[in-house]
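Each remark here refers to the structure printed beneath this line.
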Amino acid sequence: MGKKLAVSWITFACCEDSSILFVELLNQHFFEWKDKLDFRYCRMLKSQGNDFEGTDVAFVEGAIATKEDEAMLKMVREKSKKVVAIGSCACTGLPSAQRNAFDEPTKREIMMIIERFGHLEKVHPIKDIVKVDYMVPGCPMDEKIFLEVLGKCLSEFGVQ
Ligand code: SF4
């Protein structure tokens with residue numbers, strides 16, 4: 001069997017619609033991808049053995065809203081050769097980052113939650129925190145662009 005692309009999929013603050021879309025794509029492309037993709041960390045597909053170690057490409061969905069998520073994203077970046085931002089929340093922060101635009105009274109109202117649960121002052125797109133190699137915009141992600149990016153990654157890593 002030939003080389004496989006080691007991929008991970010992680011979701012931060014968002015509604016996970018791009019994850020659902022990805023599962024739908026797996027339904028369509030299963031026989032094509034089963035010999036090409038090795039899922040290292042993908043909790044929607046497996047409950048055990050999830051590990052970012054050796055990841056070629058990490059697909060990151062959602063915006064970064066907490067200190068814990070910020071640390072996790074940095075760890076993902078360190079362990080992955082390429083990082084792909086998936087969907088508008090990961091690419092631009094919105095719509096998950098709506099609280100950034102709250103007026104002052106509303107910001108004061110939510111301050112207790114922000115402090116108590118370790119949230120960041122603002123919600124960030126992932127490019128604010130780590131280097132991003134590719135972006136797949138859309139809400140949820142644009143399926144066509146996702147397939148193009150995946151195709152580029154397969155070819156860059158010599159997976160046929
Ligand atoms: S980009 Fe849209 S579909 Fe994707 S997680 Fe954010 S809100 Fe949901």
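Just so we're on the same page: first chain in the structure tokens is A, next is B, and so on; residues restart at 1 for each chain, and ligands are numbered from 1 in the order they show up.
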
As a quick test: using only C-alpha atoms and all ligand atoms, which residues lie no more than 7 Å away from ligand 1? Give them as a PyMOL selection string. chain A and resi 14-18+61-62+87-90+94-96+138-141

Can you write out the residues you just picked, keeping N, CA and C atoms, as a CSV table (one decimal), in the first residue's frame?
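Heads up, here's the output in selection-v1.csv:
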chain,number,residue,atom,x,y,z
A,14,CYS,N,-17.7,26.9,17.6
A,14,CYS,CA,-18.5,27.1,16.3
A,14,CYS,C,-19.7,26.1,16.4
A,15,CYS,N,-20.4,26.0,15.3
A,15,CYS,CA,-21.6,25.1,15.3
A,15,CYS,C,-21.3,23.8,14.6
A,16,GLU,N,-20.1,23.6,14.1
A,16,GLU,CA,-19.7,22.3,13.6
A,16,GLU,C,-20.3,21.9,12.3
A,17,ASP,N,-20.9,22.8,11.5
A,17,ASP,CA,-21.5,22.4,10.3
A,17,ASP,C,-20.5,21.9,9.2
A,18,SER,N,-19.3,22.5,9.3
A,18,SER,CA,-18.3,22.0,8.3
A,18,SER,C,-17.9,20.6,8.6
A,61,GLU,N,-11.4,23.8,12.4
A,61,GLU,CA,-12.7,24.4,12.3
A,61,GLU,C,-13.0,25.3,13.6
A,62,GLY,N,-13.6,26.4,13.4
A,62,GLY,CA,-14.0,27.2,14.5
A,62,GLY,C,-13.1,28.3,14.9
A,87,GLY,N,-13.8,26.9,7.2
A,87,GLY,CA,-15.0,27.6,7.4
A,87,GLY,C,-14.8,29.1,7.9
A,88,SER,N,-15.8,29.9,7.8
A,88,SER,CA,-15.7,31.3,8.1
A,88,SER,C,-15.2,31.6,9.5
A,89,CYS,N,-15.7,30.8,10.5
A,89,CYS,CA,-15.3,31.1,11.9
A,89,CYS,C,-13.8,30.9,12.0
A,90,ALA,N,-13.2,29.9,11.4
A,90,ALA,CA,-11.7,29.7,11.6
A,90,ALA,C,-11.0,30.8,10.7
A,94,LEU,N,-15.8,35.2,12.4
A,94,LEU,CA,-17.3,35.4,12.4
A,94,LEU,C,-18.0,34.2,11.6
A,95,PRO,N,-19.1,33.8,12.1
A,95,PRO,CA,-20.0,34.5,13.0
A,95,PRO,C,-19.7,34.1,14.5
A,96,SER,N,-18.8,33.2,14.8
A,96,SER,CA,-18.6,32.8,16.2
A,96,SER,C,-18.1,34.0,17.1
A,138,GLY,N,-16.3,30.1,3.8
A,138,GLY,CA,-17.7,29.7,3.6
A,138,GLY,C,-18.3,29.3,5.0
A,139,CYS,N,-19.6,29.4,5.0
A,139,CYS,CA,-20.4,29.1,6.2
A,139,CYS,C,-21.6,28.3,5.9
A,140,PRO,N,-21.5,26.9,5.9
A,140,PRO,CA,-20.3,26.2,6.3
A,140,PRO,C,-19.2,26.2,5.1
A,141,MET,N,-18.1,25.5,5.3
A,141,MET,CA,-17.0,25.6,4.3
A,141,MET,C,-17.5,25.3,2.9

Contacts between region 127-131 of chain A and region 51-96 of chain A, please, where a residue of region 51-96 of chain A counts if it comes within 12 Å (with only C-alpha atoms); show its shortest atom pair and distance in Å to one decimal, rows by chain and ascending number, as a tab-separated table.
residue	atom	partner	partner_atom	distance
A:Ala58	CA	A:Lys131	CA	11.9
A:Val60	CA	A:Lys127	CA	10.7
A:Glu61	CA	A:Lys127	CA	12.0
A:Gly62	CA	A:Lys127	CA	11.6
A:Ala63	CA	A:Lys127	CA	9.8
A:Ile64	CA	A:Ile129	CA	8.6
A:Ala65	CA	A:Ile129	CA	11.3
A:Thr66	CA	A:Ile129	CA	12.0
A:Lys67	CA	A:Ile129	CA	11.2
A:Asp69	CA	A:Ile129	CA	10.5
A:Glu70	CA	A:Ile129	CA	7.3
A:Ala71	CA	A:Ile129	CA	9.5
A:Met72	CA	A:Ile129	CA	10.8
A:Leu73	CA	A:Val130	CA	7.6
A:Lys74	CA	A:Val130	CA	6.5
A:Met75	CA	A:Val130	CA	9.9
A:Val76	CA	A:Val130	CA	9.5
A:Arg77	CA	A:Val130	CA	6.8
A:Glu78	CA	A:Val130	CA	9.4
A:Ser80	CA	A:Lys131	CA	11.0
A:Lys81	CA	A:Lys131	CA	10.7
A:Lys82	CA	A:Lys131	CA	8.9
A:Val83	CA	A:Lys131	CA	7.5
A:Val84	CA	A:Lys131	CA	9.5
A:Ala85	CA	A:Lys127	CA	8.1
A:Ile86	CA	A:Lys127	CA	11.5
A:Ser88	CA	A:Lys127	CA	11.9
A:Cys89	CA	A:Lys127	CA	10.9
A:Ala90	CA	A:Lys127	CA	8.0
A:Cys91	CA	A:Lys127	CA	7.2
A:Thr92	CA	A:Lys127	CA	8.3
A:Gly93	CA	A:Lys127	CA	9.4

Could you write out that same residue set with C-alpha atoms as an mmCIF file, in the first residue's frame?
data_model
loop_
_atom_site.group_PDB
_atom_site.id
_atom_site.type_symbol
_atom_site.label_atom_id
_atom_site.label_comp_id
_atom_site.auth_asym_id
_atom_site.auth_seq_id
_atom_site.Cartn_x
_atom_site.Cartn_y
_atom_site.Cartn_z
ATOM 1 C CA ALA A 58 -4.461 19.614 10.371
ATOM 2 C CA VAL A 60 -9.022 23.419 12.021
ATOM 3 C CA GLU A 61 -12.673 24.424 12.302
ATOM 4 C CA GLY A 62 -14.047 27.197 14.515
ATOM 5 C CA ALA A 63 -12.764 30.343 16.187
ATOM 6 C CA ILE A 64 -10.526 30.651 19.232
ATOM 7 C CA ALA A 65 -12.442 31.914 22.249
ATOM 8 C CA THR A 66 -10.606 30.582 25.310
ATOM 9 C CA LYS A 67 -7.052 30.441 26.670
ATOM 10 C CA ASP A 69 -8.208 26.606 22.977
ATOM 11 C CA GLU A 70 -5.384 29.035 22.194
ATOM 12 C CA ALA A 71 -2.867 26.668 23.837
ATOM 13 C CA MET A 72 -4.381 23.659 22.047
ATOM 14 C CA LEU A 73 -4.173 25.415 18.676
ATOM 15 C CA LYS A 74 -0.489 26.233 19.247
ATOM 16 C CA MET A 75 0.147 22.569 20.075
ATOM 17 C CA VAL A 76 -1.679 21.496 16.897
ATOM 18 C CA ARG A 77 0.479 23.912 14.854
ATOM 19 C CA GLU A 78 3.684 22.536 16.400
ATOM 20 C CA SER A 80 1.399 19.543 12.059
ATOM 21 C CA LYS A 81 3.305 20.279 8.872
ATOM 22 C CA LYS A 82 0.379 22.229 7.381
ATOM 23 C CA VAL A 83 -2.651 23.899 8.936
ATOM 24 C CA VAL A 84 -5.862 24.549 7.017
ATOM 25 C CA ALA A 85 -8.519 26.938 8.377
ATOM 26 C CA ILE A 86 -11.954 25.420 7.767
ATOM 27 C CA SER A 88 -15.675 31.302 8.082
ATOM 28 C CA CYS A 89 -15.288 31.084 11.882
ATOM 29 C CA ALA A 90 -11.727 29.735 11.551
ATOM 30 C CA CYS A 91 -10.874 32.057 8.628
ATOM 31 C CA THR A 92 -12.377 35.335 9.897
ATOM 32 C CA GLY A 93 -13.688 34.666 13.415
#

Show me, as number ranges by chain, the residues that have an atom within 9 Å of region 147-160 of chain A when counting only C-alpha atoms, minus same-chain residues fewer than 3 positions from it. A: 2-5, 36-37, 56-57, 82, 84, 134-136, 142-144

Can you pull out every residue from region 50-125 of chain A that DSSP, working from the backbone, puts in strand (DSSP E or B), and format the result as JSON, numbers by chain? {"A": [55, 56, 57, 58, 59, 60, 61, 63, 64, 65, 66, 80, 81, 82, 83, 84, 85, 86, 119, 120, 121, 122, 123, 124]}

Do you have the CA of Gly54 (chain A)-CA of Lys79 (chain A) distance handy?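 Separating CA of Gly54 (chain A) from CA of Lys79 (chain A) is a distance of 6.6 Å.
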
DSSP alpha helix (DSSP H) residues within chain A, as a ChimeraX atom specification: /A:17-33,67-79,87-92,104-116,143-156

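As for CA of Phe30 (chain A) and CA of Asn50 (chain A), they are spaced 19.8 Å apart.
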
Counting only C-alpha atoms, which residue out of A:Glu32, A:Met44, A:Phe102, A:Leu21 sits closest to Val123 (chain A)?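 Going through A:Glu32, A:Met44, A:Phe102, A:Leu21 one by one, the smallest distance to Val123 (chain A) is for A:Phe102.
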
Under the rule that only C-alpha atoms are counted, which of A:Lys46, A:Phe59, A:Ile114, A:Asn27 is the nearest residue to Trp9 (chain A)? A:Phe59

Please compute the CA of Thr55 (chain A)-CA of Ala6 (chain A) distance, one decimal, in Å.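 One can read the CA of Thr55 (chain A) to CA of Ala6 (chain A) distance as 5.0 Å.
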
Applying 12 Å and only C-alpha atoms, which residues near region 103-111 of chain A remain after dropping the ones on its own chain fewer than 5 positions away? List them as a ChimeraX atom specification. /A:98,116-122

Next, write the just-selected residues to a file, as a PDB file, in the first residue's frame, keeping all heavy atoms as the atom set.
ATOM      1  N   GLN A  98     -19.139  37.026  17.366  1.00  0.00           N
ATOM      2  CA  GLN A  98     -20.106  38.139  17.470  1.00  0.00           C
ATOM      3  C   GLN A  98     -19.937  38.957  18.738  1.00  0.00           C
ATOM      4  O   GLN A  98     -20.182  40.159  18.743  1.00  0.00           O
ATOM      5  CB  GLN A  98     -21.530  37.589  17.420  1.00  0.00           C
ATOM      6  CG  GLN A  98     -21.941  37.154  16.031  1.00  0.00           C
ATOM      7  CD  GLN A  98     -23.349  36.591  16.009  1.00  0.00           C
ATOM      8  OE1 GLN A  98     -24.285  37.214  16.485  1.00  0.00           O
ATOM      9  NE2 GLN A  98     -23.478  35.392  15.485  1.00  0.00           N
ATOM     10  N   ARG A 116     -14.587  33.956  34.480  1.00  0.00           N
ATOM     11  CA  ARG A 116     -14.765  32.703  35.219  1.00  0.00           C
ATOM     12  C   ARG A 116     -14.384  31.482  34.381  1.00  0.00           C
ATOM     13  O   ARG A 116     -13.863  30.497  34.899  1.00  0.00           O
ATOM     14  CB  ARG A 116     -16.221  32.599  35.671  1.00  0.00           C
ATOM     15  CG  ARG A 116     -16.492  31.365  36.438  1.00  0.00           C
ATOM     16  CD  ARG A 116     -17.686  31.502  37.354  1.00  0.00           C
ATOM     17  NE  ARG A 116     -17.957  30.219  37.945  1.00  0.00           N
ATOM     18  CZ  ARG A 116     -19.124  29.843  38.386  1.00  0.00           C
ATOM     19  NH1 ARG A 116     -20.133  30.685  38.353  1.00  0.00           N
ATOM     20  NH2 ARG A 116     -19.295  28.653  38.893  1.00  0.00           N
ATOM     21  N   PHE A 117     -14.652  31.512  33.079  1.00  0.00           N
ATOM     22  CA  PHE A 117     -14.410  30.323  32.266  1.00  0.00           C
ATOM     23  C   PHE A 117     -13.178  30.439  31.367  1.00  0.00           C
ATOM     24  O   PHE A 117     -13.014  29.683  30.413  1.00  0.00           O
ATOM     25  CB  PHE A 117     -15.664  30.006  31.438  1.00  0.00           C
ATOM     26  CG  PHE A 117     -16.824  29.604  32.310  1.00  0.00           C
ATOM     27  CD1 PHE A 117     -17.839  30.503  32.595  1.00  0.00           C
ATOM     28  CD2 PHE A 117     -16.879  28.340  32.879  1.00  0.00           C
ATOM     29  CE1 PHE A 117     -18.906  30.145  33.412  1.00  0.00           C
ATOM     30  CE2 PHE A 117     -17.939  27.973  33.701  1.00  0.00           C
ATOM     31  CZ  PHE A 117     -18.965  28.876  33.977  1.00  0.00           C
ATOM     32  N   GLY A 118     -12.294  31.348  31.696  1.00  0.00           N
ATOM     33  CA  GLY A 118     -11.016  31.436  30.974  1.00  0.00           C
ATOM     34  C   GLY A 118     -11.145  31.845  29.519  1.00  0.00           C
ATOM     35  O   GLY A 118     -10.344  31.437  28.675  1.00  0.00           O
ATOM     36  N   HIS A 119     -12.164  32.655  29.210  1.00  0.00           N
ATOM     37  CA  HIS A 119     -12.303  33.120  27.832  1.00  0.00           C
ATOM     38  C   HIS A 119     -11.331  34.250  27.544  1.00  0.00           C
ATOM     39  O   HIS A 119     -10.936  34.993  28.449  1.00  0.00           O
ATOM     40  CB  HIS A 119     -13.742  33.614  27.583  1.00  0.00           C
ATOM     41  CG  HIS A 119     -14.713  32.487  27.428  1.00  0.00           C
ATOM     42  ND1 HIS A 119     -15.037  31.946  26.211  1.00  0.00           N
ATOM     43  CD2 HIS A 119     -15.413  31.781  28.350  1.00  0.00           C
ATOM     44  CE1 HIS A 119     -15.899  30.958  26.383  1.00  0.00           C
ATOM     45  NE2 HIS A 119     -16.149  30.842  27.673  1.00  0.00           N
ATOM     46  N   LEU A 120     -10.968  34.379  26.284  1.00  0.00           N
ATOM     47  CA  LEU A 120     -10.135  35.503  25.861  1.00  0.00           C
ATOM     48  C   LEU A 120     -11.015  36.751  25.771  1.00  0.00           C
ATOM     49  O   LEU A 120     -12.220  36.649  25.566  1.00  0.00           O
ATOM     50  CB  LEU A 120      -9.511  35.204  24.497  1.00  0.00           C
ATOM     51  CG  LEU A 120      -8.568  33.992  24.457  1.00  0.00           C
ATOM     52  CD1 LEU A 120      -8.295  33.575  23.022  1.00  0.00           C
ATOM     53  CD2 LEU A 120      -7.260  34.302  25.175  1.00  0.00           C
ATOM     54  N   GLU A 121     -10.374  37.913  25.854  1.00  0.00           N
ATOM     55  CA  GLU A 121     -11.145  39.156  25.785  1.00  0.00           C
ATOM     56  C   GLU A 121     -11.903  39.240  24.453  1.00  0.00           C
ATOM     57  O   GLU A 121     -13.034  39.673  24.384  1.00  0.00           O
ATOM     58  CB  GLU A 121     -10.187  40.326  25.942  1.00  0.00           C
ATOM     59  CG  GLU A 121     -10.890  41.622  26.256  1.00  0.00           C
ATOM     60  CD  GLU A 121      -9.919  42.784  26.258  1.00  0.00           C
ATOM     61  OE1 GLU A 121      -8.744  42.578  26.618  1.00  0.00           O
ATOM     62  OE2 GLU A 121     -10.346  43.874  25.850  1.00  0.00           O
ATOM     63  N   LYS A 122     -11.223  38.788  23.373  1.00  0.00           N
ATOM     64  CA  LYS A 122     -11.870  38.756  22.054  1.00  0.00           C
ATOM     65  C   LYS A 122     -11.813  37.347  21.482  1.00  0.00           C
ATOM     66  O   LYS A 122     -10.912  36.570  21.824  1.00  0.00           O
ATOM     67  CB  LYS A 122     -11.135  39.697  21.098  1.00  0.00           C
ATOM     68  CG  LYS A 122     -11.329  41.148  21.454  1.00  0.00           C
ATOM     69  CD  LYS A 122     -11.064  42.044  20.273  1.00  0.00           C
ATOM     70  CE  LYS A 122     -11.630  43.409  20.591  1.00  0.00           C
ATOM     71  NZ  LYS A 122     -11.823  44.239  19.453  1.00  0.00           N
TER      72      LYS A 122
END

I need the residue nearest Ile126 (chain A) from this list: A:Gly49, A:Val7, A:Ala13, A:Leu26. Use only C-alpha atoms for the distance.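 Closest candidate: A:Ala13.
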